[in-house]
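Okay, so here's the structure we're looking at.
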Amino acid sequence: MRIRRMTATFGKLQEQVLELQDGLNILQAPNETGKSTWCAFLLSMFYGINTKERDRGGVLADKNRYAPWSGVPMSGRLDCVAGGENLTLFRTTRRQTAPMGELQALYTGTADPVPGLTAANCGEELLGVSREVYARSAFIRQGGVAVSQDPGLERRIAALITSGEEDTSYSEAVELLKKQLNRRRHNKTGQLPALEAELQETEALLASQAELVRQRENLIARSAELEAKEAALDGELTALDRWDVHCRHQALRQVEDAAAQAEEKAAALRRRLEEEQIPENDVTGRLRGAIVNLNTVRKSAEKAQEEYQAAKDALDRAEDKLSASPFAGRTAEEAHRAAADPLPDFKPPRRAALLTALLGLCAAGGVGYGVYIYMKDLYAALGAAAGVLVLALIAALLIGKRAVGKARTAALTGRYGTAVPSEISALAETYAGLLSDRDAAQAEAAAKSAASQGLWQSVDVNADGILEEVRRFAPAAYDIPSADAALRASALLRKELADADKTAREARIRADLQAQQAPALPEDLPAPAQPVRDRRAVTEELDQVRADLTALRSNLDRIAGRLHATGDPLTLRADAERLTDEIASLEGDRAAIELALSTLAHANTQLQGRFSPALGRRAAEIFGRLTGGAYDGVLLDKSLRVSAEPTGAGVPRDVGYLSAGAADQLYLAVRLAICDLVLPAEDPVPIVLDDALASFDDGRCAAALDYLREAAQRRQILLFTCHSREAYHFKDDPRVSIQVLTAPEEKV
């Protein structure tokens, strides 16, 4: 069996291709470039993906761990040579839950399918062993070099050293026998403890039957005593019932008398109301409501009267302000005209001007006369006199004008209090506003007066109407308060009658109800004697007796049920004998199974004695080669736990005492020995090593590489490594194929 080519869409590999040669293939790549992914892909191409595996403890299952990073479904192709035929395997994913679940096996270069090769049996048919055997022998990973036992590997080993059949496994046979042994007895479980417990229970049932019968007889006797006491207490309760009936009839007569008295009181009140012509409640309520409304209207009238008085006072104040104005008695238009011409009848004084003119004439005459005397010239004297006269006239005009102004100012001030025209106009405007305020006050006063008079008129009319109706049944009502008192008294009488009617109805209902509930008594039945004890004491005692009876009968029923549940004593004895026989039979089976286990263990020891030495010798040869002769012996027990014998020491060392590198070398030797002894020899299957030499020192790594080159003459070996020393070791050896892989994202 040889692998030629792999094409993978698997994990980080996206349609990556890996070409392989016969013999030893050194595949060098740094960490995280896909070496372990190629190994997992190879195993998946042969055996598929375990879809039942789940993520555990932070470790992803293969179906999740190797899901393609690109998001496309898993797929792959593997070209190989098996049984002398060139084959091409295709695995695809049809369902997301079954990655790599579809297999197509063809003869290379054709469309002809390989008969009998399916997704389930592909690995076993091509490699000749199951997935477990291949993974524990030829599929060697770093950190997973140690050999572990497996039923498949065990069957394969047994087939090699016995008859050649792979249907039997010592561990599986031992497991089946132990299950059978545990089925019969395993600590406190199994068939024997169950039968022994059942037998013990049956004997306990037989032993308890006599005790149950004795208890039943005692309970029956006690039940008869309690039943007699119950009958006596029932008779005492009957006497109490007769006394209660007698007392109820007496109470009924008292209730009927009370009902009759209440009815008579209600009738007397009704007659009084009719005689006094007391109105009904609706009339009384209406009149009392009218009084309430009347009082409300009276309050409104009083308020309206107050508002009228306030309006009248406001009108008086407005009239006073008008009277104080210099325009009093005029309209607004007249006031504005008067302000425009405030002194239409003003006559200026003329006496000062005339006096000035006379003085001027006298002065002119005196001046003319003086000039005439002095100059003796008439014309000069007339001229001087004329000049003086002109000056006198001018002075008279000026003095007259000033006197007129003063007189006008004095007249305006005397009439209006100011001589300034703008202020006189302002007084006119103010007067017009006072006229408007006076008119508004007159209107307000008139409206308030009308409202007040209307309300007082309504009060008088309504009061007369109320008094007229009230005096029909209360002639002494002379005003509204006395009418209200009369209405209150009427309402109280009506309420008293309603209460009396209610009391009478309730008393009659109680009397009728008690009459219905009271049992009829024969007229000639004498009054019963008063009981010695009250009903409560008798009832409590009777309840206790009945409770005791109920508990006793329940115990009887329980005992009867238990007796019925235990069954017939004859049947129980027969069951006990049967159980004893079955226990004896199972004890015999248990002894036979223990003998078989002992015999099987002896036979397995013999088989291990036949296989372990051969495996140990082959592993010792390889281990000696790997360690440069430091060890010459390897020992294995039946669980494949190994120990090594140093050369010349003679004392084996358990693998736990070796260094990590030496332990990996020992496990690698055992793995390679198992491949030589267990895997098919006619068409050797490839061995896959994933960084399996990482912990080897340079010397032992070189020894291991030399051994692998020799082993590669018989089978194909794929050695994935992150170091360059392997490639350097075989750099001049044409028999070894060396490839340096790159990360998928770096490929062009």
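Quick note on naming: the chains in the structure tokens go A, B, ... in the order shown, residues restart at 1 in each chain, and ligands are numbered from 1 in order of appearance.
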| task | Compile the contact shell of range 538-543 of chain A as number ranges by chain: residues with an atom at most 8 Å away, counting only C-alpha atoms, same-chain residues fewer than 2 positions apart removed. | result | A: 230, 233-234, 236-237, 533-536, 545-547
| task | Any chance you could list, as a count of residues only, the residues in range 48-121 of chain A that come up helix (DSSP H, G or I) when DSSP is run on the backbone? | result | 4
| field | Spatial neighbours of range 474-489 of chain A, max dist 10 Å, only C-alpha atoms, sep filter under 5 positions, as a list in words | value |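 Returned residues: Glu276, Gln277, Ile278, Pro279, Asn281, Val283, Thr284, Gly285, Leu287, Arg288, Ile291, Val292, Leu294, Asn295, Ala463, Asp464, Ile466, Leu467, Glu468, Glu469, Arg494 and Lys495 of chain A.
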Generate the output file for the selected residues, C-alpha atoms, as a tab-separated table (two decimals), in the first residue's frame.
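That gives us part_3.tsv:
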chain	number	residue	atom	x	y	z
A	276	GLU	CA	-102.58	65.85	61.21
A	277	GLN	CA	-102.43	65.82	57.37
A	278	ILE	CA	-98.66	65.46	57.46
A	279	PRO	CA	-97.43	65.61	53.84
A	281	ASN	CA	-91.68	62.92	52.13
A	283	VAL	CA	-93.64	67.21	49.41
A	284	THR	CA	-91.62	67.86	52.56
A	285	GLY	CA	-88.40	67.46	50.64
A	287	LEU	CA	-90.60	72.50	50.35
A	288	ARG	CA	-87.38	72.18	52.34
A	291	ILE	CA	-86.52	77.05	51.60
A	292	VAL	CA	-82.88	76.28	50.92
A	294	LEU	CA	-85.06	80.85	49.07
A	295	ASN	CA	-82.20	81.39	51.50
A	463	ALA	CA	-91.66	83.06	50.63
A	464	ASP	CA	-95.38	83.69	50.22
A	466	ILE	CA	-93.88	78.37	50.73
A	467	LEU	CA	-95.82	79.78	53.67
A	468	GLU	CA	-99.10	79.22	51.83
A	469	GLU	CA	-98.32	75.48	51.36
A	494	ARG	CA	-92.33	60.30	58.52
A	495	LYS	CA	-88.92	58.82	59.46
| field | Interatomic distance, CA of Ala111 in chain A to CA of Arg91 in chain A (Å, one decimal) | value |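 The value is 15.2 Å.
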| request: Please provide the set of residues having any atom within 10 Å of Ala711 in chain A, restricted to only C-alpha atoms, with same-chain residues fewer than 5 positions apart removed, written as a PyMOL selection string. | output: chain A and resi 23-24+672+676+687+705-706+716-717
Write out the residues from the selection above, keeping N, CA, C and O atoms, as a tab-separated table (two decimals), in the first residue's frame.
chain	number	residue	atom	x	y	z
A	23	GLY	N	9.00	4.72	-0.29
A	23	GLY	CA	10.08	4.77	0.69
A	23	GLY	C	9.85	5.85	1.72
A	23	GLY	O	8.72	6.16	2.12
A	24	LEU	N	10.94	6.51	2.15
A	24	LEU	CA	10.89	7.50	3.21
A	24	LEU	C	10.66	8.89	2.62
A	24	LEU	O	11.40	9.33	1.75
A	672	LEU	N	6.99	0.56	16.28
A	672	LEU	CA	7.54	-0.01	15.04
A	672	LEU	C	7.55	-1.54	15.11
A	672	LEU	O	7.30	-2.21	14.10
A	676	ASP	N	5.61	-4.23	12.64
A	676	ASP	CA	6.23	-5.39	11.99
A	676	ASP	C	5.44	-6.66	12.27
A	676	ASP	O	5.33	-7.54	11.40
A	687	ILE	N	3.48	4.07	7.23
A	687	ILE	CA	3.62	4.53	8.61
A	687	ILE	C	3.69	6.06	8.56
A	687	ILE	O	4.41	6.64	7.75
A	705	LEU	N	16.60	7.94	12.15
A	705	LEU	CA	16.44	8.20	10.72
A	705	LEU	C	17.06	7.08	9.89
A	705	LEU	O	16.48	6.66	8.87
A	706	ASP	N	18.21	6.58	10.31
A	706	ASP	CA	18.84	5.47	9.58
A	706	ASP	C	17.96	4.23	9.63
A	706	ASP	O	17.81	3.52	8.62
A	716	GLN	N	6.09	2.33	2.81
A	716	GLN	CA	6.17	3.78	2.69
A	716	GLN	C	6.10	4.42	4.08
A	716	GLN	O	5.29	4.01	4.92
A	717	ILE	N	6.96	5.43	4.35
A	717	ILE	CA	6.97	6.12	5.65
A	717	ILE	C	6.89	7.61	5.38
A	717	ILE	O	7.65	8.16	4.58
List the spatial neighbours of range 298-313 of chain A as an mmCIF file with all heavy atoms, in the first residue's frame - criterion: any atom at most 9 Å away, only C-alpha atoms, same-chain residues fewer than 2 positions off excluded.
data_model
loop_
_atom_site.group_PDB
_atom_site.id
_atom_site.type_symbol
_atom_site.label_atom_id
_atom_site.label_comp_id
_atom_site.auth_asym_id
_atom_site.auth_seq_id
_atom_site.Cartn_x
_atom_site.Cartn_y
_atom_site.Cartn_z
ATOM 1 N N ASN A 293 -83.362 77.014 48.656
ATOM 2 C CA ASN A 293 -83.190 77.893 47.491
ATOM 3 C C ASN A 293 -83.544 79.340 47.835
ATOM 4 O O ASN A 293 -82.903 80.297 47.358
ATOM 5 C CB ASN A 293 -84.058 77.412 46.336
ATOM 6 C CG ASN A 293 -83.565 76.088 45.780
ATOM 7 O OD1 ASN A 293 -82.379 75.775 45.894
ATOM 8 N ND2 ASN A 293 -84.458 75.312 45.194
ATOM 9 N N LEU A 294 -84.647 79.502 48.660
ATOM 10 C CA LEU A 294 -85.064 80.847 49.068
ATOM 11 C C LEU A 294 -83.941 81.541 49.834
ATOM 12 O O LEU A 294 -83.654 82.726 49.606
ATOM 13 C CB LEU A 294 -86.329 80.762 49.914
ATOM 14 C CG LEU A 294 -86.874 82.106 50.436
ATOM 15 C CD1 LEU A 294 -87.327 82.980 49.269
ATOM 16 C CD2 LEU A 294 -88.030 81.881 51.412
ATOM 17 N N ASN A 295 -83.325 80.803 50.757
ATOM 18 C CA ASN A 295 -82.204 81.391 51.502
ATOM 19 C C ASN A 295 -81.057 81.754 50.563
ATOM 20 O O ASN A 295 -80.378 82.776 50.757
ATOM 21 C CB ASN A 295 -81.716 80.414 52.570
ATOM 22 C CG ASN A 295 -82.748 80.237 53.685
ATOM 23 O OD1 ASN A 295 -83.535 81.153 53.969
ATOM 24 N ND2 ASN A 295 -82.755 79.070 54.315
ATOM 25 N N THR A 296 -80.849 80.918 49.571
ATOM 26 C CA THR A 296 -79.795 81.223 48.604
ATOM 27 C C THR A 296 -80.122 82.501 47.836
ATOM 28 O O THR A 296 -79.256 83.374 47.629
ATOM 29 C CB THR A 296 -79.622 80.060 47.629
ATOM 30 O OG1 THR A 296 -79.303 78.869 48.363
ATOM 31 C CG2 THR A 296 -78.510 80.331 46.630
ATOM 32 N N LEU A 315 -71.338 106.439 41.824
ATOM 33 C CA LEU A 315 -71.994 107.481 41.033
ATOM 34 C C LEU A 315 -71.877 108.833 41.730
ATOM 35 O O LEU A 315 -71.624 109.866 41.085
ATOM 36 C CB LEU A 315 -73.458 107.099 40.809
ATOM 37 C CG LEU A 315 -74.310 108.121 40.056
ATOM 38 C CD1 LEU A 315 -73.745 108.380 38.661
ATOM 39 C CD2 LEU A 315 -75.760 107.642 39.956
ATOM 40 N N ASP A 316 -72.071 108.834 43.053
ATOM 41 C CA ASP A 316 -71.957 110.098 43.799
ATOM 42 C C ASP A 316 -70.543 110.660 43.671
ATOM 43 O O ASP A 316 -70.354 111.880 43.490
ATOM 44 C CB ASP A 316 -72.294 109.855 45.268
ATOM 45 C CG ASP A 316 -73.784 109.529 45.452
ATOM 46 O OD1 ASP A 316 -74.581 109.827 44.545
ATOM 47 O OD2 ASP A 316 -74.135 108.943 46.514
ATOM 48 N N ARG A 317 -69.555 109.783 43.756
ATOM 49 C CA ARG A 317 -68.189 110.268 43.628
ATOM 50 C C ARG A 317 -67.937 110.834 42.233
ATOM 51 O O ARG A 317 -67.240 111.844 42.059
ATOM 52 C CB ARG A 317 -67.200 109.131 43.929
ATOM 53 C CG ARG A 317 -67.169 108.740 45.401
ATOM 54 C CD ARG A 317 -65.973 107.824 45.692
ATOM 55 N NE ARG A 317 -66.072 106.562 44.977
ATOM 56 C CZ ARG A 317 -66.711 105.488 45.457
ATOM 57 N NH1 ARG A 317 -67.321 105.537 46.627
ATOM 58 N NH2 ARG A 317 -66.726 104.380 44.758
ATOM 59 N N ALA A 318 -68.505 110.184 41.208
ATOM 60 C CA ALA A 318 -68.344 110.693 39.843
ATOM 61 C C ALA A 318 -69.027 112.058 39.682
ATOM 62 O O ALA A 318 -68.497 112.980 39.019
ATOM 63 C CB ALA A 318 -68.903 109.693 38.846
ATOM 64 N N ALA A 441 -71.140 104.881 35.597
ATOM 65 C CA ALA A 441 -71.580 104.662 36.981
ATOM 66 C C ALA A 441 -73.091 104.698 37.072
ATOM 67 O O ALA A 441 -73.705 103.927 37.823
ATOM 68 C CB ALA A 441 -70.951 105.714 37.895
ATOM 69 N N GLN A 442 -73.741 105.631 36.283
ATOM 70 C CA GLN A 442 -75.212 105.675 36.272
ATOM 71 C C GLN A 442 -75.797 104.374 35.739
ATOM 72 O O GLN A 442 -76.749 103.819 36.298
ATOM 73 C CB GLN A 442 -75.669 106.873 35.413
ATOM 74 C CG GLN A 442 -75.513 108.221 36.095
ATOM 75 C CD GLN A 442 -75.963 109.361 35.204
ATOM 76 O OE1 GLN A 442 -76.064 109.198 33.976
ATOM 77 N NE2 GLN A 442 -76.220 110.539 35.805
ATOM 78 N N GLU A 444 -74.305 101.369 35.659
ATOM 79 C CA GLU A 444 -74.038 100.293 36.625
ATOM 80 C C GLU A 444 -74.998 100.368 37.802
ATOM 81 O O GLU A 444 -75.546 99.363 38.251
ATOM 82 C CB GLU A 444 -72.586 100.397 37.108
ATOM 83 C CG GLU A 444 -72.175 99.335 38.111
ATOM 84 C CD GLU A 444 -72.063 97.976 37.492
ATOM 85 O OE1 GLU A 444 -72.049 97.879 36.233
ATOM 86 O OE2 GLU A 444 -72.010 96.980 38.243
ATOM 87 N N ALA A 445 -75.223 101.576 38.315
ATOM 88 C CA ALA A 445 -76.138 101.746 39.447
ATOM 89 C C ALA A 445 -77.554 101.344 39.059
ATOM 90 O O ALA A 445 -78.272 100.689 39.830
ATOM 91 C CB ALA A 445 -76.100 103.196 39.941
ATOM 92 N N ALA A 446 -77.982 101.713 37.834
ATOM 93 C CA ALA A 446 -79.328 101.342 37.383
ATOM 94 C C ALA A 446 -79.465 99.827 37.272
ATOM 95 O O ALA A 446 -80.476 99.245 37.683
ATOM 96 C CB ALA A 446 -79.624 102.026 36.039
ATOM 97 N N ALA A 447 -78.393 99.160 36.692
ATOM 98 C CA ALA A 447 -78.455 97.689 36.543
ATOM 99 C C ALA A 447 -78.484 97.007 37.902
ATOM 100 O O ALA A 447 -79.257 96.054 38.124
ATOM 101 C CB ALA A 447 -77.247 97.214 35.731
ATOM 102 N N LYS A 448 -77.628 97.466 38.832
ATOM 103 C CA LYS A 448 -77.588 96.855 40.159
ATOM 104 C C LYS A 448 -78.905 97.073 40.887
ATOM 105 O O LYS A 448 -79.400 96.193 41.599
ATOM 106 C CB LYS A 448 -76.438 97.450 40.983
ATOM 107 C CG LYS A 448 -75.051 97.163 40.423
ATOM 108 C CD LYS A 448 -74.742 95.697 40.464
ATOM 109 C CE LYS A 448 -73.335 95.421 39.966
ATOM 110 N NZ LYS A 448 -73.008 93.982 39.956
ATOM 111 N N SER A 449 -79.493 98.229 40.716
ATOM 112 C CA SER A 449 -80.782 98.512 41.358
ATOM 113 C C SER A 449 -81.863 97.585 40.825
ATOM 114 O O SER A 449 -82.648 97.017 41.588
ATOM 115 C CB SER A 449 -81.168 99.974 41.118
ATOM 116 O OG SER A 449 -82.453 100.253 41.658
ATOM 117 N N ALA A 450 -81.863 97.397 39.483
ATOM 118 C CA ALA A 450 -82.867 96.507 38.891
ATOM 119 C C ALA A 450 -82.682 95.071 39.363
ATOM 120 O O ALA A 450 -83.652 94.378 39.696
ATOM 121 C CB ALA A 450 -82.782 96.586 37.368
ATOM 122 N N ALA A 451 -81.393 94.604 39.425
ATOM 123 C CA ALA A 451 -81.133 93.229 39.872
ATOM 124 C C ALA A 451 -81.553 93.043 41.315
ATOM 125 O O ALA A 451 -82.162 92.027 41.682
ATOM 126 C CB ALA A 451 -79.644 92.907 39.698
ATOM 127 N N SER A 452 -81.221 94.030 42.156
ATOM 128 C CA SER A 452 -81.586 93.925 43.575
ATOM 129 C C SER A 452 -83.097 93.888 43.753
ATOM 130 O O SER A 452 -83.641 93.066 44.497
ATOM 131 C CB SER A 452 -80.976 95.098 44.342
ATOM 132 O OG SER A 452 -81.382 95.091 45.690
ATOM 133 N N GLN A 453 -83.786 94.765 43.054
ATOM 134 C CA GLN A 453 -85.248 94.790 43.178
ATOM 135 C C GLN A 453 -85.870 93.485 42.690
ATOM 136 O O GLN A 453 -86.802 92.951 43.300
ATOM 137 C CB GLN A 453 -85.802 95.978 42.380
ATOM 138 C CG GLN A 453 -85.447 97.334 42.977
ATOM 139 C CD GLN A 453 -85.925 98.498 42.119
ATOM 140 O OE1 GLN A 453 -86.541 98.286 41.059
ATOM 141 N NE2 GLN A 453 -85.629 99.728 42.556
ATOM 142 N N GLY A 454 -85.278 92.915 41.562
ATOM 143 C CA GLY A 454 -85.815 91.643 41.048
ATOM 144 C C GLY A 454 -85.635 90.505 42.043
ATOM 145 O O GLY A 454 -86.538 89.682 42.250
ATOM 146 N N LEU A 455 -84.445 90.445 42.658
ATOM 147 C CA LEU A 455 -84.178 89.369 43.624
ATOM 148 C C LEU A 455 -85.060 89.497 44.856
ATOM 149 O O LEU A 455 -85.613 88.507 45.362
ATOM 150 C CB LEU A 455 -82.695 89.377 44.012
ATOM 151 C CG LEU A 455 -81.716 88.897 42.940
ATOM 152 C CD1 LEU A 455 -80.277 89.131 43.381
ATOM 153 C CD2 LEU A 455 -81.935 87.409 42.640
ATOM 154 N N TRP A 456 -85.179 90.720 45.355
ATOM 155 C CA TRP A 456 -86.054 90.878 46.543
ATOM 156 C C TRP A 456 -87.507 90.564 46.204
ATOM 157 O O TRP A 456 -88.229 89.982 47.028
ATOM 158 C CB TRP A 456 -85.939 92.314 47.077
ATOM 159 C CG TRP A 456 -84.692 92.544 47.872
ATOM 160 C CD1 TRP A 456 -83.681 93.379 47.602
ATOM 161 C CD2 TRP A 456 -84.378 91.913 49.106
ATOM 162 N NE1 TRP A 456 -82.701 93.328 48.561
ATOM 163 C CE2 TRP A 456 -83.125 92.412 49.521
ATOM 164 C CE3 TRP A 456 -85.006 90.974 49.909
ATOM 165 C CZ2 TRP A 456 -82.492 92.008 50.689
ATOM 166 C CZ3 TRP A 456 -84.381 90.572 51.082
ATOM 167 C CH2 TRP A 456 -83.137 91.063 51.467
ATOM 168 N N SER A 458 -88.396 88.315 44.004
ATOM 169 C CA SER A 458 -88.447 86.849 43.946
ATOM 170 C C SER A 458 -88.496 86.251 45.344
ATOM 171 O O SER A 458 -89.216 85.279 45.600
ATOM 172 C CB SER A 458 -87.228 86.319 43.184
ATOM 173 O OG SER A 458 -87.191 84.914 43.212
ATOM 174 N N VAL A 459 -87.703 86.836 46.293
ATOM 175 C CA VAL A 459 -87.730 86.346 47.676
ATOM 176 C C VAL A 459 -89.128 86.464 48.260
ATOM 177 O O VAL A 459 -89.645 85.524 48.883
ATOM 178 C CB VAL A 459 -86.698 87.124 48.525
ATOM 179 C CG1 VAL A 459 -86.907 86.844 50.011
ATOM 180 C CG2 VAL A 459 -85.291 86.760 48.120
#
| said: My list of candidates is A:Leu563, A:Val255, A:Ile674, A:Leu359. Which is closest to Arg508 in chain A when distances are computed with only C-alpha atoms? | reply: A:Val255
| request: Give me the residues within 9 Å of Ala239 in chain A as a ChimeraX atom specification, counting only C-alpha atoms and dropping any in the same chain fewer than 2 places off. | output: /A:234-237,241-244,528-531
| Which of these residues is nearest to Ser44 in chain A, using only C-alpha atoms: A:Leu493, A:Ala324, A:Val678, A:Ala8? | A:Ala8
| query | Excluding same-chain residues fewer than 2 positions from Glu53 in chain A, what lies within 12 Å of it counting only C-alpha atoms, as a count of residues only? | reply | 14
| task | Work out how far apart CA of Ala135 in chain A and CA of Ala619 in chain A are and give it in Å to one decimal. | result |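 About the pair CA of Ala135 in chain A and CA of Ala619 in chain A: they are 18.1 Å apart.
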